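Written out below as structure tokens is the structure these notes cover.
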Amino acid sequence: MTPQMIEEFQRDGVARLGRVLSDETVQAINTRFKELFDAKTGTADQGLRNITAASNSAEDQTAPGNRHFQLMNPWHMDPVFRDLYQNDAIVKAHHAILGDKVQLIHDQIFFKPAGDGARSQWHLDNNYFQCDPPDNALTIWIALDDADQENSCLWYMPGSHKLPAGESKIVDTGSTKLIHLKEVDESKLVPYEIKAGHALMHHSLVVHGAYPNHSDRCRRSYGIHCVKTGTPKLDGGGFNNFEACPTLDGTPLHKD
Ligand SMILES: O=C(O)CCC(=O)C(=O)O
């Protein structure tokens with residue numbers, strides 16, 4: 001990460017990291033993802049779900065309409081994904097913000113099909129992570145297709161990671177398990193269009209989300225969520241399981 005990227009991240013809560021994956025790697029990830037997606041679609045496998053579906057039933061999960069698929073923890077499924085969280089550019093970017101000791105919370109692939117890709121509700125990642133302090137966690141989001149305003153690129157509210165909790169940050173879980181924000185002034189949101197293989201890094205308190213994908217192109221992306229090693233959760237728990245949340249450099253947990 002350059003000093004300019006670090007400054008941008010600290011000021012806006014989001015920074016463009018430029019290219020982190022070659023076209024060949026993006027292609028290999030998309031091929032493997034398609035195999036996993038096809039094998040899991042319509043099964044009760046909890047690794048894959050449509051997060052906007054009313055339930056986990058095969059019928060709801062495969063119904064056309066409002067679709068936003070999520071494959072959780074692909075790094076458990078194939079070395080092609082394990083290589084991603086250990087990718088040099090990604091590890092260095094984490095170290096630049098969080099210091100030497102960093103561990104995985106989880107990774108995921110998002111897939112919004114062409115035509116009926118759902119919106120991503122406006123949210124803050126730390127409402128899911130529950131890290132204390134929130135500064136200790138961040139997300140790197142890598143586009144696996146060119147992502148623009150037509151096919152649901154991410155939109156951010158720059159600087160919102162510094163807003164006090166409460167203002168623009170009241171959550172509403174509604175009928176789903178998603179924790180989204182109740183009121184967001186959409187005029188303050190900025191689109192972050194990026195090419196396939198390029199990445200964004202964002203703070204765990206920055207407001208972000210995406211509009212639906214009504215275009216004739218799908219939009220896939222890979223999200224990696226990490227935390228400074230040993231960070232507790234707000235409920236007093238932590239990320240203490242090496243198998244589930246390994247350090248990025250393979251060192252044992254909690255050894256400084
Ligand atoms: O890909 C998306 O639309 C949502 C991703 C996201 O919000 C995240 O990775 O924090």
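Going by the structure tokens order, chains are called A, B, ..., each with residues numbered from 1, while ligands are numbered from 1 in the order shown.
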Do you have, as CSV, the list of residues of segment 189-226 of chain A lying at most 10 Å from segment 81-102 of chain A, each with its nearest atom pair and that distance in Å to one decimal, counting only C-alpha atoms and ordered by chain then number?
residue,atom,partner,partner_atom,distance
A:Ala199,CA,A:Ile90,CA,9.1
A:Met201,CA,A:Ala93,CA,8.4
A:His203,CA,A:Ile97,CA,9.9
A:Tyr222,CA,A:Leu84,CA,9.2
A:Gly223,CA,A:Tyr85,CA,9.6
A:Ile224,CA,A:Tyr85,CA,6.9
A:His225,CA,A:Tyr85,CA,9.3
A:Cys226,CA,A:Val102,CA,6.7
Taking only C-alpha atoms and all ligand atoms into account, report as a ChimeraX atom specification which residues have an atom no farther than 7 Å from an atom of ligand 1. /A:110,120,125,139,141,154,208-210,221,223
Residues as selected, C-alpha atoms, written as a PDB file, in the first residue's frame, can you do that?
ATOM      1  CA  PHE A 110     -20.719 -12.912  -3.681  1.00  0.00           C
ATOM      2  CA  SER A 120     -26.802  -5.127  -0.971  1.00  0.00           C
ATOM      3  CA  ASP A 125     -19.371  -4.730   8.667  1.00  0.00           C
ATOM      4  CA  THR A 139     -12.497  -5.885   4.625  1.00  0.00           C
ATOM      5  CA  TRP A 141     -13.249  -6.642  -1.580  1.00  0.00           C
ATOM      6  CA  LEU A 154     -20.143  -0.977  -4.271  1.00  0.00           C
ATOM      7  CA  HIS A 208     -21.649   0.834   2.206  1.00  0.00           C
ATOM      8  CA  GLY A 209     -23.811  -1.376   0.011  1.00  0.00           C
ATOM      9  CA  ALA A 210     -24.883  -1.652  -3.625  1.00  0.00           C
ATOM     10  CA  SER A 221     -16.650 -10.610  -6.002  1.00  0.00           C
ATOM     11  CA  GLY A 223     -14.542 -10.586   0.240  1.00  0.00           C
TER      12      GLY A 223
END
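Put simply, atom CA of Gly197 of chain A is 11.6 Å away from atom CA of Ala28 of chain A.
From atom CA of Gly115 of chain A back to atom CA of Ala53 of chain A, the distance works out to 16.3 Å.
Between Ala114 of chain A and the residues A:Cys218, A:Met5, A:Ala143, A:Leu17, the shortest atom-to-atom distance, using only C-alpha atoms, involves A:Cys218.
If you measure from each of A:Ala196, A:Arg217, A:Val227, A:Ser57 to Arg19 of chain A using only C-alpha atoms, the closest one turns out to be A:Ala196.
Closest to Gly238 of chain A among A:Asp145, A:Asp23, A:Asp132, A:Glu193 is A:Asp132, based on only C-alpha atoms.
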What is the atom CA of Trp122 of chain A-atom CA of Gln61 of chain A distance in Å, reported with one decimal? 22.0 Å
Give me, as a PyMOL selection string, the residues of segment 4-94 of chain A that a backbone DSSP run labels helix (DSSP H, G or I). chain A and resi 4-12+23-40+58-62+74-76+79-85+88-94
Select, from A:Ser204, A:Asn73, A:Asn240, A:Thr52, the residue with the minimum atom-to-atom distance to Asn136 of chain A, counting only C-alpha atoms. A:Ser204
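Nearest residue to Pro134 of chain A, choosing from A:His68, A:His214, A:Arg220, A:Lys228 and counting only C-alpha atoms: A:Lys228.
Minimum atom-to-atom distance to Tyr192 of chain A, evaluated using only C-alpha atoms, belongs to A:Ile142 out of A:Ala58, A:Ile29, A:Ile142, A:Leu21.
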To test your reading of the structure, identify every residue in segment 28-176 of chain A that backbone DSSP assigns to strand (DSSP E), and report it as a PyMOL selection string. chain A and resi 48-50+69-72+102-112+120-123+137-143+154-156+171-172
Excluding segment 34-41 of chain A and its own-chain neighbours fewer than 6 positions away, which residues fall within 9 Å of it when counting only C-alpha atoms? Please give them as an MDAnalysis selection string. chainID A and resid 47:49 58 61:62 71 77
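Using only C-alpha atoms, the residues found no farther than 7 Å from Ala147 of chain A, other than those of its own chain fewer than 4 positions away, are Ala143, Asn151, Ser152, Cys153, Glu193, Ile194, Lys195 and Arg219 of chain A.
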